[in-house]
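A.B. asks: Coordinates in query.txt, compact mmCIF, C-alpha atoms and all ligand atoms, are listed below.
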# COMPACT_ATOMS: atom_id res chain seq x y z
CA MET J 1 71.47 72.55 207.35
CA ARG J 2 74.14 69.85 207.03
CA VAL J 3 77.01 70.53 204.66
CA ILE J 4 79.23 67.70 203.41
CA LEU J 5 82.46 68.62 201.64
CA ALA J 6 83.75 66.31 198.91
CA GLN J 7 87.16 64.69 199.34
CA PRO J 8 89.22 65.21 197.26
CA ARG J 9 88.17 68.60 195.88
CA GLY J 10 89.86 71.75 194.64
CA PHE J 11 93.41 72.34 193.50
CA CYS J 12 95.23 69.53 191.69
CA ALA J 13 99.02 69.21 191.46
CA GLY J 14 99.12 70.81 187.99
CA VAL J 15 97.27 73.90 189.19
CA VAL J 16 99.44 74.26 192.32
CA ARG J 17 102.54 74.07 190.10
CA ALA J 18 101.20 76.58 187.55
CA ILE J 19 100.34 79.19 190.21
CA GLU J 20 103.72 78.63 191.90
CA ILE J 21 105.45 79.26 188.56
CA VAL J 22 103.80 82.69 188.24
CA ASP J 23 104.52 83.53 191.88
CA ARG J 24 108.19 82.55 191.60
CA ALA J 25 108.60 84.30 188.25
CA LEU J 26 107.34 87.51 189.87
CA LEU J 27 109.80 87.10 192.75
CA GLN J 28 112.72 86.29 190.45
CA HIS J 29 112.09 88.81 187.67
CA GLY J 30 109.84 91.44 189.27
CA ALA J 31 106.62 92.75 187.69
CA PRO J 32 105.42 92.57 185.05
CA VAL J 33 105.54 88.97 183.89
CA TYR J 34 103.19 88.01 181.07
CA VAL J 35 100.89 84.99 181.17
CA ARG J 36 99.36 83.63 177.96
CA HIS J 37 95.69 82.83 178.67
CA GLU J 38 94.31 82.49 182.22
CA ILE J 39 96.98 80.50 184.06
CA VAL J 40 94.09 78.28 185.22
CA HIS J 41 90.39 78.88 184.59
CA ASN J 42 89.59 80.84 187.72
CA ARG J 43 88.98 84.56 188.01
CA HIS J 44 89.97 84.71 191.68
CA VAL J 45 93.34 83.08 190.96
CA VAL J 46 93.90 85.36 187.97
CA ASP J 47 92.88 88.56 189.84
CA ASN J 48 95.17 87.65 192.74
CA LEU J 49 98.18 87.17 190.43
CA ARG J 50 97.27 90.32 188.49
CA GLN J 51 97.42 92.29 191.73
CA LYS J 52 100.93 90.93 192.29
CA GLY J 53 102.04 92.15 188.84
CA ALA J 54 101.15 89.41 186.34
CA ARG J 55 99.68 90.59 183.02
CA PHE J 56 97.32 88.24 181.22
CA VAL J 57 97.21 88.21 177.42
CA GLU J 58 95.52 85.94 174.89
CA GLU J 59 98.26 86.11 172.23
CA LEU J 60 102.03 86.54 172.38
CA ASP J 61 102.06 89.59 170.10
CA GLU J 62 100.75 91.47 173.15
CA VAL J 63 104.02 90.66 174.99
CA PRO J 64 107.01 93.02 174.57
CA GLU J 65 110.10 91.42 172.94
CA GLY J 66 112.42 89.78 175.46
CA ALA J 67 109.87 89.79 178.34
CA VAL J 68 109.06 86.85 180.62
CA ALA J 69 106.13 84.85 179.15
CA ILE J 70 104.39 82.00 180.95
CA PHE J 71 102.29 79.41 179.11
CA SER J 72 99.12 78.40 180.98
CA ALA J 73 98.55 74.97 182.55
CA HIS J 74 96.42 73.94 179.56
CA GLY J 75 99.39 73.84 177.17
CA VAL J 76 100.07 75.53 173.82
CA ALA J 77 100.52 74.62 170.16
CA GLN J 78 104.00 74.40 168.63
CA THR J 79 103.22 77.57 166.63
CA VAL J 80 102.99 79.43 169.95
CA GLU J 81 106.35 77.98 171.07
CA ARG J 82 107.92 79.10 167.79
CA ALA J 83 106.37 82.59 168.03
CA ALA J 84 107.87 82.91 171.53
CA GLU J 85 111.31 81.98 170.18
CA GLN J 86 111.00 84.52 167.37
CA ARG J 87 110.13 87.27 169.85
CA ARG J 88 113.03 86.09 172.07
CA LEU J 89 110.68 85.75 175.03
CA ASP J 90 111.98 84.29 178.27
CA VAL J 91 109.52 81.39 178.42
CA LEU J 92 108.34 79.54 181.49
CA ASP J 93 106.10 76.63 180.60
CA ALA J 94 103.35 75.97 183.17
CA THR J 95 101.74 73.25 181.01
CA CYS J 96 100.72 70.45 183.37
CA PRO J 97 103.09 67.48 182.97
CA LEU J 98 100.01 65.25 182.48
CA VAL J 99 98.96 67.37 179.48
CA THR J 100 102.52 67.22 178.10
CA LYS J 101 102.32 63.43 178.49
CA VAL J 102 99.32 63.40 176.11
CA HIS J 103 101.29 65.52 173.59
CA VAL J 104 104.19 63.04 173.70
CA GLN J 105 101.87 60.04 173.41
CA GLY J 106 100.08 61.60 170.41
CA ARG J 107 103.37 62.28 168.60
CA GLN J 108 104.50 58.70 169.24
CA TYR J 109 101.32 57.28 167.71
CA VAL J 110 101.66 59.54 164.66
CA SER J 111 105.33 58.68 164.14
CA ALA J 112 104.33 54.99 164.26
CA GLY J 113 102.17 55.72 161.20
CA ARG J 114 98.76 55.97 162.84
CA THR J 115 96.10 58.61 162.22
CA LEU J 116 95.32 60.32 165.51
CA ILE J 117 91.88 60.89 167.01
CA LEU J 118 91.64 63.37 169.88
CA ILE J 119 88.61 62.95 172.11
CA GLY J 120 87.81 66.37 173.55
CA HIS J 121 85.82 69.59 173.31
CA ALA J 122 86.33 71.91 170.33
CA GLY J 123 87.73 75.32 171.15
CA HIS J 124 89.06 74.40 174.60
CA PRO J 125 92.66 75.67 174.98
CA GLU J 126 93.98 72.23 175.99
CA VAL J 127 92.44 70.75 172.82
CA GLU J 128 93.88 73.54 170.65
CA GLY J 129 97.28 73.00 172.29
CA THR J 130 97.21 69.22 171.82
CA ILE J 131 96.12 69.48 168.17
CA GLY J 132 98.93 71.99 167.61
CA GLN J 133 101.53 69.74 169.25
CA ILE J 134 100.96 66.86 166.83
CA PRO J 135 102.39 67.09 163.32
CA GLY J 136 99.79 66.12 160.72
CA THR J 137 96.04 65.73 160.87
CA VAL J 138 94.29 65.22 164.17
CA ILE J 139 90.63 64.24 164.05
CA LEU J 140 88.60 65.71 166.90
CA VAL J 141 85.77 63.55 168.23
CA GLN J 142 83.41 65.14 170.75
CA SER J 143 80.69 62.53 171.24
CA GLU J 144 79.76 58.88 170.80
CA ALA J 145 77.37 59.84 167.96
CA GLU J 146 80.25 61.44 166.01
CA VAL J 147 82.11 58.10 165.85
CA ALA J 148 79.54 56.75 163.35
CA THR J 149 80.03 59.78 161.07
CA LEU J 150 83.82 59.44 160.69
CA GLU J 151 84.63 59.01 157.02
CA LEU J 152 87.62 56.68 157.27
CA PRO J 153 88.24 53.17 155.91
CA LEU J 154 87.40 50.79 158.75
CA ASP J 155 90.89 49.25 158.75
CA THR J 156 92.78 52.59 158.91
CA PRO J 157 95.59 52.35 161.47
CA LEU J 158 94.23 54.68 164.17
CA ALA J 159 95.15 55.78 167.68
CA TYR J 160 93.31 57.96 170.15
CA VAL J 161 94.27 60.29 173.00
CA THR J 162 91.95 62.36 175.17
CA GLN J 163 91.62 65.72 176.85
CA THR J 164 92.57 65.29 180.55
CA THR J 165 89.38 66.66 182.12
CA LEU J 166 86.58 64.76 180.38
CA SER J 167 83.79 62.75 181.96
CA VAL J 168 85.21 59.28 182.64
CA ASP J 169 81.90 57.65 181.69
CA ASP J 170 81.27 59.61 178.47
CA THR J 171 84.84 58.97 177.34
CA ARG J 172 84.50 55.26 177.96
CA GLY J 173 81.41 55.30 175.70
CA ILE J 174 83.31 57.08 172.92
CA ILE J 175 86.29 54.71 173.18
CA ASP J 176 84.00 51.66 173.11
CA ALA J 177 82.30 53.03 169.97
CA LEU J 178 85.71 53.56 168.31
CA LEU J 179 86.87 50.06 169.23
CA ALA J 180 83.62 48.58 167.90
CA ARG J 181 83.83 50.41 164.56
CA PHE J 182 87.53 50.34 163.66
CA SER J 183 89.64 47.19 163.42
CA ASP J 184 93.15 48.63 163.97
CA ILE J 185 92.95 51.17 166.77
CA VAL J 186 95.11 51.60 169.86
CA GLY J 187 95.02 54.02 172.78
CA PRO J 188 95.41 54.42 176.50
CA ASP J 189 91.95 53.24 177.71
CA THR J 190 90.69 56.22 179.81
CA ARG J 191 94.08 56.86 181.37
CA ASP J 192 94.59 60.26 179.67
CA ILE J 193 91.86 61.52 181.98
CA CYS J 194 94.11 62.61 184.80
CA TYR J 195 94.15 61.28 188.35
CA ALA J 196 92.67 64.55 189.72
CA THR J 197 89.73 64.50 187.30
CA GLN J 198 89.01 60.84 188.04
CA ASN J 199 89.26 61.28 191.83
CA ARG J 200 87.02 64.39 191.91
CA GLN J 201 84.41 62.70 189.70
CA ALA J 202 84.39 59.54 191.84
CA ALA J 203 84.05 61.63 195.02
CA VAL J 204 81.17 63.73 193.68
CA ARG J 205 79.35 60.62 192.48
CA GLU J 206 79.52 59.18 195.99
CA LEU J 207 78.66 62.51 197.63
CA SER J 208 75.58 62.95 195.45
CA THR J 209 73.99 59.86 197.06
CA GLN J 210 74.03 61.67 200.42
CA VAL J 211 72.84 65.19 199.56
CA ASP J 212 69.72 67.07 198.43
CA VAL J 213 71.59 69.81 196.56
CA LEU J 214 75.12 69.92 195.14
CA LEU J 215 77.25 73.05 194.77
CA VAL J 216 80.33 72.91 192.57
CA VAL J 217 82.75 75.77 193.16
CA GLY J 218 84.41 76.65 189.87
CA ALA J 219 84.33 78.84 186.79
CA THR J 220 81.94 78.53 183.86
CA ASN J 221 84.92 78.12 181.47
CA SER J 222 86.47 75.34 183.58
CA SER J 223 85.98 72.01 181.82
CA ASN J 224 86.65 69.83 184.86
CA SER J 225 84.29 71.90 187.05
CA ASN J 226 81.48 71.62 184.49
CA ARG J 227 81.92 67.83 184.40
CA LEU J 228 81.48 67.69 188.21
CA ARG J 229 78.20 69.62 188.00
CA GLU J 230 76.98 67.34 185.20
CA ILE J 231 77.65 64.23 187.30
CA GLY J 232 75.57 65.71 190.13
CA SER J 233 72.70 66.43 187.71
CA GLU J 234 72.94 62.98 186.11
CA THR J 235 72.45 61.37 189.52
CA GLY J 236 69.23 63.41 189.91
CA VAL J 237 70.51 65.97 192.44
CA PRO J 238 69.89 69.67 191.64
CA SER J 239 73.46 70.84 190.97
CA TYR J 240 74.81 74.36 190.57
CA LEU J 241 78.17 75.73 189.46
CA VAL J 242 79.14 78.82 191.49
CA ALA J 243 82.27 80.98 191.30
CA ASP J 244 81.90 82.02 194.96
CA GLY J 245 79.35 82.68 197.72
CA SER J 246 77.88 85.72 195.96
CA GLU J 247 76.28 83.41 193.36
CA VAL J 248 74.51 81.19 195.91
CA LYS J 249 70.70 81.61 195.71
CA PRO J 250 68.56 80.99 198.86
CA GLU J 251 65.71 79.40 196.83
CA TRP J 252 67.96 76.44 195.89
CA PHE J 253 67.78 75.21 199.49
CA ALA J 254 64.02 75.57 200.17
CA ASN J 255 63.61 71.79 200.65
CA ALA J 256 67.22 70.87 201.36
CA GLN J 257 68.51 69.40 204.59
CA THR J 258 71.91 68.31 203.31
CA VAL J 259 74.07 70.23 200.85
CA GLY J 260 77.17 68.79 199.19
CA ILE J 261 80.03 71.04 198.14
CA THR J 262 82.90 70.18 195.83
CA ALA J 263 85.38 72.35 193.94
CA GLY J 264 86.98 72.07 190.52
CA ALA J 265 90.73 71.56 190.13
CA SER J 266 91.24 75.30 189.55
CA ALA J 267 89.01 76.59 192.41
CA PRO J 268 90.75 77.93 195.53
CA GLU J 269 89.70 76.59 198.95
CA GLU J 270 88.99 80.21 200.05
CA MET J 271 86.07 80.17 197.59
CA VAL J 272 84.70 76.99 199.21
CA LYS J 273 84.83 78.85 202.56
CA HIS J 274 83.11 81.83 200.94
CA VAL J 275 80.29 79.53 199.76
CA ILE J 276 79.95 78.00 203.26
CA ASP J 277 79.72 81.54 204.68
CA ALA J 278 76.94 82.30 202.21
CA LEU J 279 75.04 79.23 203.48
CA ARG J 280 75.66 80.33 207.09
CA ALA J 281 73.94 83.60 206.27
CA LEU J 282 70.77 81.53 205.63
CA GLY J 283 70.87 79.70 208.98
CA PRO J 284 73.05 77.44 211.16
CA VAL J 285 75.19 74.90 209.29
CA ASP J 286 77.05 71.82 210.45
CA VAL J 287 80.06 71.13 208.18
CA THR J 288 81.73 67.72 207.78
CA THR J 289 84.06 66.26 205.16
CA MET J 290 83.38 62.91 203.51
CA ALA J 291 85.96 60.17 203.90
CA GLY J 292 87.91 60.09 200.65
CA ARG J 293 91.10 59.41 198.81
CA GLU J 294 94.19 61.34 199.87
CA GLU J 295 96.22 62.78 197.00
CA LYS J 296 100.00 63.03 197.28
CA VAL J 297 100.89 63.98 193.70
CA GLU J 298 103.41 66.81 193.32
CA PHE J 299 105.10 68.07 190.17
CA LYS J 300 108.60 69.56 189.93
CA LEU J 301 108.99 73.21 189.01
CA PRO J 302 111.00 74.21 185.93
CA THR J 303 114.71 74.22 186.91
CA LYS J 304 115.02 77.91 185.93
CA LEU J 305 112.83 78.71 188.94
CA THR J 306 114.50 76.47 191.48
CA GLN J 307 117.90 78.23 191.31
CA PRO J 308 118.51 80.55 194.28
CA VAL J 309 117.81 84.21 193.44
CA VAL J 310 121.05 86.23 193.54
CA THR J 311 120.47 89.62 195.16
CA GLY J 312 122.92 92.51 195.64
CA GLU J 313 126.54 92.64 194.47
CA THR J 314 129.24 90.14 195.39
CA GLN J 315 132.09 91.50 197.51
CA SER J 316 135.62 91.40 196.18
O1 LIG J 401 89.01 73.92 181.73
P1 LIG J 401 89.92 72.94 182.42
O2 LIG J 401 89.25 72.06 183.38
O3 LIG J 401 90.75 72.20 181.41
O4 LIG J 401 91.02 73.83 183.22
P2 LIG J 401 91.03 74.50 184.64
O5 LIG J 401 91.99 75.63 184.55
O6 LIG J 401 89.69 74.78 185.16
O7 LIG J 401 91.66 73.39 185.62
C1 LIG J 401 92.98 72.91 185.48
C2 LIG J 401 93.02 71.90 184.43
C3 LIG J 401 93.85 71.91 183.35
C4 LIG J 401 94.99 72.81 183.22
C5 LIG J 401 93.60 70.96 182.24
N1 LIG J 401 94.37 69.83 182.33
FE1 LIG J 402 97.10 68.41 185.37
FE2 LIG J 402 94.88 67.02 185.75
FE3 LIG J 402 95.23 69.28 187.04
FE4 LIG J 402 94.82 69.28 184.41
S1 LIG J 402 93.38 68.68 185.98
S2 LIG J 402 96.30 70.52 185.54
S3 LIG J 402 95.91 67.39 183.82
S4 LIG J 402 96.49 67.41 187.26
Starting from the file, give its structure as structure tokens.
C.D. replies:
Amino acid sequence: MRVILAQPRGFCAGVVRAIEIVDRALLQHGAPVYVRHEIVHNRHVVDNLRQKGARFVEELDEVPEGAVAIFSAHGVAQTVERAAEQRRLDVLDATCPLVTKVHVQGRQYVSAGRTLILIGHAGHPEVEGTIGQIPGTVILVQSEAEVATLELPLDTPLAYVTQTTLSVDDTRGIIDALLARFSDIVGPDTRDICYATQNRQAAVRELSTQVDVLLVVGATNSSNSNRLREIGSETGVPSYLVADGSEVKPEWFANAQTVGITAGASAPEEMVKHVIDALRALGPVDVTTMAGREEKVEFKLPTKLTQPVVTGETQS
């Protein structure tokens, strides 16, 4: 069996930064530190940090007053920021800077007097965070069909922003429908879909022309990983989302000579190796990596975590 690995795949700069924030917080403060929501949508990442002393909670009232609390990479609403202040929590914000950029953009549109449309998936934590970062009403649009049902005067001053991990193609369709229906609407084209999402989608689209089966390593609650699997399916290749090698099923490869593997932005490379090992258990495999875009994006850590840790007492 031939295996071709997508390039780029796996961790994006926002995920690397978020995990580093938890690691450094543990070093600086000692266990436990509290993380609101999964730091990124991956059980292996979460379990690893839990073993090191991180405690994962869904709401801040589960965090003792004054403790270290880390916001996940997906971002939080302003009500969560205020609740953290009230509980005097020592907050470290692991929101990806590209998500924060969408919050800032949305607030700018609203303060310029426009009604804001957020293109995204209801209930996703990034969407809840973005809605909660914008003062006033935010209208959530999830599909092209929903655009026709919006009950707004056609000349309402509107603006749109998007979730960062959407399908580039679906989002373009929704934006085109908005532009066609409303006469005074502005927004950032598809640029709110982050570089990592766009690069992984472009790579998987190309990879799917060369493979008989596609495996996407990622979690079922990971938006960006689900979009990668959908692209594989849309191109007609049987495509499966797997958390790790234990979920790989031999019958998927009955007629397959070439298998493509990619990984969502929150999936560790160890899990890609685990999946390759599962394929090896079925027979010999020859692994290559497709030629692809190199990513050099890095985000700064919060300054609180870049100060040297002072240990022991100073001598007089
Ligand atoms: O479900 P998502 O794809 O949004 O999140 P993830 O944790 O799987 O991957 C990282 C992406 C983030 C934080 C959204 N911008
Ligand atoms: Fe940031 Fe994009 Fe990664 Fe989300 S997927 S954490 S927006 S770089």
A.B. asks: Taking all atoms listed in the file into account, list the residues no farther than 6 Å from ligand LIG 402 (chain J), as a list in words.
C.D. replies: Cys12, Ala13, Gly14, Val15, Ala73, Cys96, Leu98, Val99, Thr164, Thr165, Cys194, Ala196, Thr197 and Ala265 of chain J
A.B. asks: Which value, in Å to one decimal, gives the distance between atom CA of J:Val242 and atom CA of J:Ile193?
C.D. replies: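 Straight-line distance from atom CA of J:Val242 to atom CA of J:Ile193 works out to 23.5 Å.
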A.B. asks: Taking all atoms listed in the file into account, name the residue in J:Tyr34, J:Tyr160, J:Phe71, J:Trp252 that is nearest to ligand LIG 401 (chain J).
C.D. replies: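 Looking at the shortest contact to ligand LIG 401 (chain J), the residue is J:Phe71.
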A.B. asks: Expressed in Å to a single decimal, how great is the separation between atom CA of J:Met290 and atom CA of J:Ala6?
C.D. replies: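 Interatomic distance, atom CA of J:Met290 to atom CA of J:Ala6: 5.7 Å.
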A.B. asks: Could you report the residues within 9 Å of ligand LIG 401 (chain J), using only C-alpha atoms and all ligand atoms, as a PyMOL selection string?
C.D. replies: chain J and resi 11-12+14-15+18+38-42+72-75+94-96+98-99+124-127+163-166+193-194+197+218-227+264-267
A.B. asks: Could you check the closest approach to J:Ile231 for each of J:Ala67, J:Ala281, J:Val168, J:Leu179 and tell me which residue wins, using all atoms listed in the file?
C.D. replies: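 Once distances to J:Ile231 are computed over all atoms listed in the file, the minimum belongs to J:Val168.
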A.B. asks: Pick from J:Gly123, J:Glu151, J:Leu116, J:Met1: nearest to J:Val138, with all atoms listed in the file counted?
C.D. replies: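 Of J:Gly123, J:Glu151, J:Leu116, J:Met1, the one nearest J:Val138, counting all atoms listed in the file, is J:Leu116.
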A.B. asks: What is the atom CA of J:Val217 to atom CA of J:Leu241 distance in Å?
C.D. replies: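 We find that atom CA of J:Val217 and atom CA of J:Leu241 lie 5.9 Å from each other.
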A.B. asks: Find the residue from J:Leu118, J:Gln142, J:Asn48, J:Arg2 that sits nearest to J:Gly283; use only C-alpha atoms when measuring.
C.D. replies: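 Smallest separation from J:Gly283 among the options: J:Arg2.
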A.B. asks: With all atoms listed in the file as the atoms that count, which of J:Ala84, J:Val297, J:Leu282, J:Leu158 lies nearest to J:Ile117?
C.D. replies: J:Leu158
A.B. asks: J:Ala122: which residues within 10 Å, counting all atoms listed in the file, same-chain residues fewer than 6 positions away excluded, as an MDAnalysis selection string?
C.D. replies: chainID J and resid 128 140:142
A.B. asks: Taking all listed atoms of stretch 149-167 of chain J, build the axis-aligned box, pad each of the six sides by 6 Å, then write its centre and edge lengths in Å to one decimal as JSON.
C.D. replies:
{"center_x": 87.8, "center_y": 58.0, "center_z": 169.0, "size_x": 27.6, "size_y": 29.4, "size_z": 38.2}
